[in-house]
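Have a look at the structure below before the remarks.
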Amino acid sequence: MTTRGSRSEKVKRIFHQFDENHDGGLNRDEMAALVVAVNPRVKFSDEQINAILDEVFRTYGDFIDGEKGLTYEGLLRTYDDGAGDVDRDFDALGLELTLDETKASMASEASSSSIVDERLVESQKKQRTAAWAVSPNHGIVFDDTWKIVDDLEILVKRLKAKQAKDGKLKADNIDAFSDAGWSRELGPSSEISDKRVFWEESGHEYAAFVKELGVLRSRADGARSREQAFDGHMAIGRVLYEHQLFKEALVSFKRACELQPVDVRPHFRAGNCLYVLGRYKEAKDEFLLALEAAEAGGNQWAYLLPQIYVNLGIALEGEGMVLSACEYYREAAILCPTHFRALKLLGSALFGVGEYRAAVKALEEAIFMKPDYADAHCDLGSALHAMGDDDKAIVIFQKAIDLKPGHVDALYNLGGLYMDAGRFPRASEMYTRVLAVWPNHWRAQLNKAVSLLGARETEEAKKALKEALKMTNRVELHDAIAHLKQLQKKKVKGNGGANGEGSFVVVEPTKFRTVGERTTLRQDLANALEIRAFQRITRLSRCDVELLKKEMNDGDVPVSYSGTGVPQRSIRKPNLEEILRRLLDFLKPETFQGAVKAINERILSVFDDTGSGRVDLGMFFAVLAPICSGPPEKRKRVAFDALLWRPVNEGGGAQIRKVDATRYIKLLRAIYVPSHGVSEMLELHGEDLSMMSFTEFLVMFDDTDWGFGIMSTLLKLETGDRNRHGNRICSVCRYPIIGSRFKEIKSHFSLCNQCYSEGKVPPAHKQEEYKFREYGSEAEAMKDKCKCFTLQSHSDP
């Protein structure tokens with residue numbers, strides 16, 4: 001560990017090397033040369049260099065000596081504040097301390113030893129005290145605080161020994177998983193332990209420890225001044241945090257917040273503790289307080305802002321608020337262009353909301369700055385796979401695994417890529433490697449079974465499946481087991497399918513005919529099934545449409561003006577995400593994140609085709625209304641009211657402009673019926689300023705050809721997509737038929753919703769034309785059968 005003495009000598013050597021004109025200051029050119037020299041792997045643009053220099057010269061204005069530039073004391077302060085790593089920069093420049101400088105460093109150490117208790121010598125203290133404690137800016141200030149720290153270290157050591165002896169202390173290796181880029185501390189990330197320790201908090205030893213800890217806290221509270229009490233509680237919190245006693249550390253940081261509410265550090269550290277404890281909303285609130293204090297404190301805390309932004313983003317991701325997190329990661333990357341973790345997190349978050357190209361760009365920049373960043377390679381591989389660039393994705397995934405051989409995420413995601421590509425033996429190999437690192441990873445075990453079956457290793461697949469059953473009893477597993485049984489069953493029958501899939505013929509749409517008015521057209525069903533799938537992913541089918549009305553009535557969204565001067569209630573995507581969180585407050589964070597991703601990909605991408613990042617809220621509500629829950633009449637009414645709520649229609653009484661209604665319908669079709677909608681959007685010409693009532697709006701909405709008449713088919717799916725038809729099985733996919741059954745009236749084979757919508761028929765029943773009748777339930781089918789018998793008996797002589 002670098003001591004204060006050696007630090008100052010090293011900084012002095014660095015300073016003199018770049019003070020080319022020997023005027024006792026580093027001007028902008030000299031400072032730029034230093035930044036470039038100590039970051040040999042980074043290729044800075046002129047804009048990035050200027051941004052860094054502007055920040056340095058603004059933050060350390062008190063250390064700027066006119067035209068000469070930054071003084072030696074100013075450079076030393078930048079290192080003290082954590083803006084750089086002295087040892088790393090010193091080594092990067094190939095410098096070495098002379099014998100005289102080493103002696104001076106040792107003398108400096110000796111002279112500083114008076115700040116601690118006389119029982120200890122400086123070297124012993126520094127050997128067992130974390131690096132943060134000896135940092136002049138973030139560490140211990142008062143002599144009495146050292147005594148508290150020493151006593152606390154003894155208490156923790158005693159507790160650790162007792163729990164280890166009883167076998168209660170547990171450690172979990174978190175090195176195998178993707179690093180979130182978590183800025184746990186103000187210091188460098190190298191201080192972060194790769195081992196997560198779980199303390200046993202219910203025993204007598206822990207209770208005794210907490211009691212003794214209370215005595216130390218009382219000593220801190222009894223200090224001679226508020227500043228000293230603050231110093232004591234911060235130090236106690238830091239020691240506890242280092243030993244991963246997060247609940248107790250939080251108590252100390254909260255007390256420090258009470259003592260100095262406008263100090264950034266206790267809020268920042270309290271937020272860190274809350275995040276680790278899984279209390280994401282409280283963590284977010286603490287980080288926001290830290291951000292407020294940092295912005296109010298001027299340049300004093302400027303160096304901390306990027307880390308606050310990063311941790312605030314991570315806390316928001318913990319709540320599922322990924323669009324909002326992206327904003328803070330961007331802020332961190334702007335403030336600190338070399339912050340590779342901020343760029344990695346930005347890329348990962350963009351991937352999480354389906355913006356793959358932007359994700360690839362951010363992740364590539366992170367890797368450019370830190371070529372050995374395994375987690376960034378892993379996420380880049382995932383983004384490339386999502387874009388269909390599998391060859392490059394495989395190379396990137398393999399690079400992540402080379403950098404960290406036990407990288408669970410990279411191994412698992414590469415296995416998924418191989419599965420998608422049909423390379424089952426390679427997929428099985430990846431999942432086996434995942435299980436070697438994480439033996440109870442049930443998803444890897446299940447996927448291994450599926451990949452083994454795909455590789456035609458049936459017996460091994462059965463063994464893997466049994467192992468998965470031992471690990472979990474989740475619904476997904478039972479669904480997968482049913483699927484495997486179907487594949488095996490079809491395989492035994494020898495129907496010619498690849499990898500156990502049934503054989504079929506895809507028939508062109510014109511050869512599919514319907515019998516009866518209630519039978520759904522094939523293309524309409526295909527579109528409705530897509531919308532239904534979107535409803536399920538977003539859970540909007542569980543969102544009462546009345547909540548949209550409530551948001552319009554209660555929300556305070558200011559009117560803004562676009563470039564054309566048209567007034568509208570437009571908001572930025574992160575603010576829209578907050579509204580969606582209220583609408584879908586019943587979702588868990590990870591499920592909500594999936595819903596936002598689907599909405600961003602399907603709806604917001606059409607709304608924000610210019611990339612402005614803003615969304616017309618009235619039009620957005622109108623687009624959501626038809627797929628929320630509630631009676632169809634109510635959904636249409638809320639859609640109309642959302643258009644009426646838009647500023648352009650204010651003052652029109654109970655009518656909206658026809659041009660807005662037309663645009664809405666075309667937007668609705670472009671989003672939900674994209675095979676027609678995109679071209680239709682381009683056909684919108686001119687401005688029809690005539691007004692339209694709700695009754696006229698309904699006529700336009702329900703039009704089967706040019707409106708959203710598909711809603712009737714969607715309603716049929718919503719009410720009947722759980723109906724079972726006894727033991728009826730689809731003649732193509734061999735699954736039990738759920739939802740509607742489509743019976744071919746000549747050959748008498750039956751199809752499920754999905755196979756009918758895709759035009760699949762069994763090859764044994766090849767016909768010039770197929771006629772289907774739809775049955776919503778077996779009762780309907782029996783009724784129809786009885787009716788046929790009655791007609792036949794009447795026709796008999």
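Labels used: A, B, ... for chains in the order of the structure tokens, numbers from 1 for residues in each chain, and numbers from 1 for ligands as shown.
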
Residue neighbourhood Arg158 of chain A, 9 Å, only C-alpha atoms, exclusion window fewer than 5 positions, as a PyMOL selection string: chain A and resi 153+163+209

Please provide as a PyMOL selection string all residues within 9 Å of segment 429-441 of chain A, with the sequence filter that same-chain residues fewer than 6 positions apart are discarded (counting only C-alpha atoms). chain A and resi 176+406-409+411-416+418+447-448+468+471

Let me see the file: selected residues, all heavy atoms, as a short mmCIF file (atom, residue, chain, number, x, y, z; two decimals), in the first residue's frame.
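Result written to out-v6.cif:
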```
data_model
loop_
_atom_site.label_atom_id
_atom_site.label_comp_id
_atom_site.auth_asym_id
_atom_site.auth_seq_id
_atom_site.Cartn_x
_atom_site.Cartn_y
_atom_site.Cartn_z
N ALA A 176 -17.77 -15.24 -10.27
CA ALA A 176 -18.22 -15.94 -11.48
C ALA A 176 -19.27 -15.16 -12.25
O ALA A 176 -19.51 -15.44 -13.41
CB ALA A 176 -18.81 -17.31 -11.09
N GLY A 406 -14.31 -18.98 -15.75
CA GLY A 406 -15.52 -19.38 -15.05
C GLY A 406 -16.64 -18.37 -15.15
O GLY A 406 -17.47 -18.27 -14.23
N HIS A 407 -16.68 -17.60 -16.22
CA HIS A 407 -17.69 -16.54 -16.37
C HIS A 407 -19.05 -17.17 -16.70
O HIS A 407 -19.33 -17.54 -17.84
CB HIS A 407 -17.27 -15.57 -17.47
CG HIS A 407 -17.93 -14.23 -17.38
ND1 HIS A 407 -19.29 -14.06 -17.45
CD2 HIS A 407 -17.42 -12.98 -17.20
CE1 HIS A 407 -19.59 -12.78 -17.35
NE2 HIS A 407 -18.47 -12.10 -17.19
N VAL A 408 -19.92 -17.27 -15.69
CA VAL A 408 -21.19 -17.97 -15.85
C VAL A 408 -22.06 -17.36 -16.94
O VAL A 408 -22.60 -18.06 -17.80
CB VAL A 408 -21.96 -17.98 -14.51
CG1 VAL A 408 -23.41 -18.39 -14.72
CG2 VAL A 408 -21.31 -18.94 -13.53
N ASP A 409 -22.20 -16.03 -16.93
CA ASP A 409 -23.07 -15.38 -17.91
C ASP A 409 -22.60 -15.61 -19.34
O ASP A 409 -23.40 -15.88 -20.24
CB ASP A 409 -23.14 -13.87 -17.63
CG ASP A 409 -23.90 -13.56 -16.35
OD1 ASP A 409 -24.69 -14.42 -15.93
OD2 ASP A 409 -23.69 -12.49 -15.77
N LEU A 411 -20.72 -18.11 -20.49
CA LEU A 411 -20.91 -19.52 -20.84
C LEU A 411 -22.38 -19.82 -21.11
O LEU A 411 -22.71 -20.49 -22.10
CB LEU A 411 -20.40 -20.40 -19.69
CG LEU A 411 -18.89 -20.42 -19.46
CD1 LEU A 411 -18.56 -21.04 -18.10
CD2 LEU A 411 -18.17 -21.17 -20.56
N TYR A 412 -23.25 -19.30 -20.25
CA TYR A 412 -24.68 -19.56 -20.40
C TYR A 412 -25.23 -18.92 -21.69
O TYR A 412 -25.98 -19.55 -22.44
CB TYR A 412 -25.43 -19.01 -19.19
CG TYR A 412 -26.91 -19.32 -19.17
CD1 TYR A 412 -27.39 -20.53 -18.70
CD2 TYR A 412 -27.85 -18.38 -19.64
CE1 TYR A 412 -28.74 -20.82 -18.69
CE2 TYR A 412 -29.20 -18.66 -19.63
CZ TYR A 412 -29.64 -19.88 -19.15
OH TYR A 412 -30.99 -20.16 -19.16
N ASN A 413 -24.86 -17.68 -21.94
CA ASN A 413 -25.36 -16.98 -23.13
C ASN A 413 -24.81 -17.59 -24.42
O ASN A 413 -25.51 -17.65 -25.43
CB ASN A 413 -25.01 -15.49 -23.07
CG ASN A 413 -25.76 -14.78 -21.95
OD1 ASN A 413 -26.70 -15.32 -21.39
ND2 ASN A 413 -25.32 -13.59 -21.60
N LEU A 414 -23.56 -18.04 -24.39
CA LEU A 414 -23.00 -18.71 -25.56
C LEU A 414 -23.73 -20.03 -25.80
O LEU A 414 -23.98 -20.42 -26.95
CB LEU A 414 -21.50 -18.95 -25.36
CG LEU A 414 -20.75 -19.59 -26.53
CD1 LEU A 414 -20.97 -18.82 -27.82
CD2 LEU A 414 -19.26 -19.70 -26.22
N GLY A 415 -24.09 -20.71 -24.71
CA GLY A 415 -24.89 -21.93 -24.85
C GLY A 415 -26.21 -21.64 -25.52
O GLY A 415 -26.66 -22.39 -26.40
N GLY A 416 -26.86 -20.52 -25.14
CA GLY A 416 -28.12 -20.14 -25.77
C GLY A 416 -27.96 -19.84 -27.24
O GLY A 416 -28.81 -20.18 -28.07
N TYR A 418 -25.68 -21.15 -29.27
CA TYR A 418 -25.51 -22.44 -29.96
C TYR A 418 -26.84 -23.18 -30.08
O TYR A 418 -27.10 -23.84 -31.09
CB TYR A 418 -24.49 -23.31 -29.21
CG TYR A 418 -23.05 -22.90 -29.43
CD1 TYR A 418 -22.16 -22.85 -28.36
CD2 TYR A 418 -22.58 -22.58 -30.69
CE1 TYR A 418 -20.82 -22.48 -28.55
CE2 TYR A 418 -21.26 -22.20 -30.90
CZ TYR A 418 -20.38 -22.16 -29.82
OH TYR A 418 -19.07 -21.79 -30.02
N ASN A 447 -31.65 -26.57 -19.85
CA ASN A 447 -31.19 -26.33 -21.23
C ASN A 447 -30.22 -27.41 -21.68
O ASN A 447 -30.17 -27.75 -22.87
CB ASN A 447 -30.54 -24.96 -21.33
CG ASN A 447 -31.57 -23.84 -21.34
OD1 ASN A 447 -32.74 -24.08 -21.57
ND2 ASN A 447 -31.14 -22.63 -21.04
N LYS A 448 -29.44 -27.92 -20.74
CA LYS A 448 -28.54 -29.02 -21.08
C LYS A 448 -29.35 -30.24 -21.53
O LYS A 448 -29.00 -30.91 -22.51
CB LYS A 448 -27.67 -29.38 -19.88
CG LYS A 448 -26.70 -30.52 -20.15
CD LYS A 448 -25.87 -30.87 -18.91
CE LYS A 448 -24.97 -32.07 -19.18
NZ LYS A 448 -24.18 -32.43 -17.98
N ALA A 468 -32.50 -31.66 -13.10
CA ALA A 468 -33.21 -30.38 -13.07
C ALA A 468 -34.43 -30.45 -12.15
O ALA A 468 -34.74 -29.51 -11.42
CB ALA A 468 -33.63 -29.97 -14.48
N MET A 471 -33.67 -29.86 -8.62
CA MET A 471 -33.28 -28.49 -8.27
C MET A 471 -34.47 -27.56 -8.06
O MET A 471 -34.41 -26.64 -7.26
CB MET A 471 -32.39 -27.89 -9.37
CG MET A 471 -31.05 -28.57 -9.52
SD MET A 471 -30.12 -27.83 -10.89
CE MET A 471 -28.73 -28.97 -10.99
#
```

Could you name the residues that touch Val35 of chain A at 10 Å or less, counting only C-alpha atoms, but leaving out those on the same chain fewer than 2 positions away, as a PyMOL selection string? chain A and resi 30-33+37-40+42+44+49+52-53+84+89

Can you check which residues of segment 509-683 of chain A DSSP gives as alpha helix (DSSP H) on the backbone and send them as an NGL selection string? :A and (522-538 or 546-554 or 573-583 or 589-599 or 605-607 or 617-624 or 632-645 or 658-672 or 674-682)

Residue neighbourhood Pro589 of chain A, 9 Å, only C-alpha atoms, exclusion window fewer than 3 positions, as a JSON list (two decimals) with all heavy atoms, in the first residue's frame:
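Contents of result15.json, as written:
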```json
[["chain", "number", "residue", "atom", "x", "y", "z"],
["A", 317, "GLU", "N", -31.86, 0.42, -11.74],
["A", 317, "GLU", "CA", -31.99, -0.88, -12.40],
["A", 317, "GLU", "C", -32.53, -1.92, -11.43],
["A", 317, "GLU", "O", -33.26, -2.83, -11.83],
["A", 317, "GLU", "CB", -30.64, -1.33, -12.96],
["A", 317, "GLU", "CG", -30.27, -0.67, -14.27],
["A", 317, "GLU", "CD", -29.30, -1.51, -15.09],
["A", 317, "GLU", "OE1", -29.68, -2.61, -15.50],
["A", 317, "GLU", "OE2", -28.17, -1.04, -15.31],
["A", 318, "GLY", "N", -32.14, -1.81, -10.16],
["A", 318, "GLY", "CA", -32.65, -2.73, -9.15],
["A", 318, "GLY", "C", -34.16, -2.65, -9.03],
["A", 318, "GLY", "O", -34.82, -3.63, -8.70],
["A", 319, "GLU", "N", -34.73, -1.47, -9.32],
["A", 319, "GLU", "CA", -36.19, -1.28, -9.32],
["A", 319, "GLU", "C", -36.80, -1.63, -10.68],
["A", 319, "GLU", "O", -38.02, -1.57, -10.84],
["A", 319, "GLU", "CB", -36.53, 0.17, -9.00],
["A", 319, "GLU", "CG", -36.25, 0.59, -7.57],
["A", 319, "GLU", "CD", -36.81, 1.98, -7.29],
["A", 319, "GLU", "OE1", -36.20, 2.98, -7.71],
["A", 319, "GLU", "OE2", -37.87, 2.06, -6.66],
["A", 320, "GLY", "N", -35.95, -1.96, -11.66],
["A", 320, "GLY", "CA", -36.45, -2.25, -13.00],
["A", 320, "GLY", "C", -36.54, -1.04, -13.90],
["A", 320, "GLY", "O", -37.01, -1.12, -15.03],
["A", 321, "MET", "N", -36.06, 0.12, -13.42],
["A", 321, "MET", "CA", -36.18, 1.39, -14.16],
["A", 321, "MET", "C", -34.95, 1.57, -15.05],
["A", 321, "MET", "O", -34.08, 2.42, -14.77],
["A", 321, "MET", "CB", -36.33, 2.55, -13.19],
["A", 321, "MET", "CG", -37.47, 2.39, -12.20],
["A", 321, "MET", "SD", -39.08, 2.64, -12.97],
["A", 321, "MET", "CE", -39.09, 4.41, -13.14],
["A", 592, "PHE", "N", -40.95, -6.11, -14.92],
["A", 592, "PHE", "CA", -41.22, -4.76, -15.42],
["A", 592, "PHE", "C", -40.19, -4.35, -16.46],
["A", 592, "PHE", "O", -40.53, -3.73, -17.47],
["A", 592, "PHE", "CB", -41.22, -3.76, -14.26],
["A", 592, "PHE", "CG", -41.41, -2.33, -14.70],
["A", 592, "PHE", "CD1", -42.64, -1.89, -15.15],
["A", 592, "PHE", "CD2", -40.35, -1.44, -14.70],
["A", 592, "PHE", "CE1", -42.82, -0.58, -15.57],
["A", 592, "PHE", "CE2", -40.52, -0.13, -15.12],
["A", 592, "PHE", "CZ", -41.76, 0.30, -15.56],
["A", 593, "GLN", "N", -38.93, -4.72, -16.23],
["A", 593, "GLN", "CA", -37.88, -4.40, -17.21],
["A", 593, "GLN", "C", -38.19, -5.04, -18.55],
["A", 593, "GLN", "O", -38.03, -4.42, -19.60],
["A", 593, "GLN", "CB", -36.52, -4.89, -16.70],
["A", 593, "GLN", "CG", -35.38, -4.54, -17.63],
["A", 593, "GLN", "CD", -34.03, -5.02, -17.10],
["A", 593, "GLN", "OE1", -33.86, -5.17, -15.89],
["A", 593, "GLN", "NE2", -33.10, -5.28, -17.99],
["A", 594, "GLY", "N", -38.67, -6.29, -18.53],
["A", 594, "GLY", "CA", -39.05, -6.95, -19.79],
["A", 594, "GLY", "C", -40.21, -6.27, -20.47],
["A", 594, "GLY", "O", -40.26, -6.16, -21.71]]
```

With only C-alpha atoms as the counted atoms, please give the residues lying no more than 12 Å from Val11 of chain A, apart from itself and same-chain residues fewer than 6 positions off, as a VMD selection string. chain A and resid 2 4 to 5 17 to 18 34 71 to 80 84 to 91 93 95 to 97 101 105

Please identify all polymer residues within 10 Å of segment 329-333 of chain A, counting only C-alpha atoms, omitting same-chain residues fewer than 5 positions from it, and present them as a PyMOL selection string. chain A and resi 304-314+324+338-347+349+362

So that I can check the secondary structure, give me every residue of segment 171-369 of chain A assigned strand (DSSP E) by backbone DSSP, as an NGL selection string. :A and (171-173 or 195-198)

Find the spatial neighbours of Arg279 of chain A, counting only C-alpha atoms, within a cut-off of 12 Å - ignore same-chain residues fewer than 6 positions away - and output them as a PyMOL selection string. chain A and resi 246-247+250+270-273+285-286+315-316+318-319

Length of the atom CA of Ser202 of chain A to atom CA of Gly232 of chain A vector [Å]: 26.8 Å

Min atom-atom distance to Leu644 of chain A from the set A:Phe287, A:Phe694, A:Trp706, A:Tyr303, counting only C-alpha atoms, belongs to A:Phe694

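Interatomic distance, atom CA of Lys399 of chain A against atom CA of His377 of chain A: 6.9 Å.
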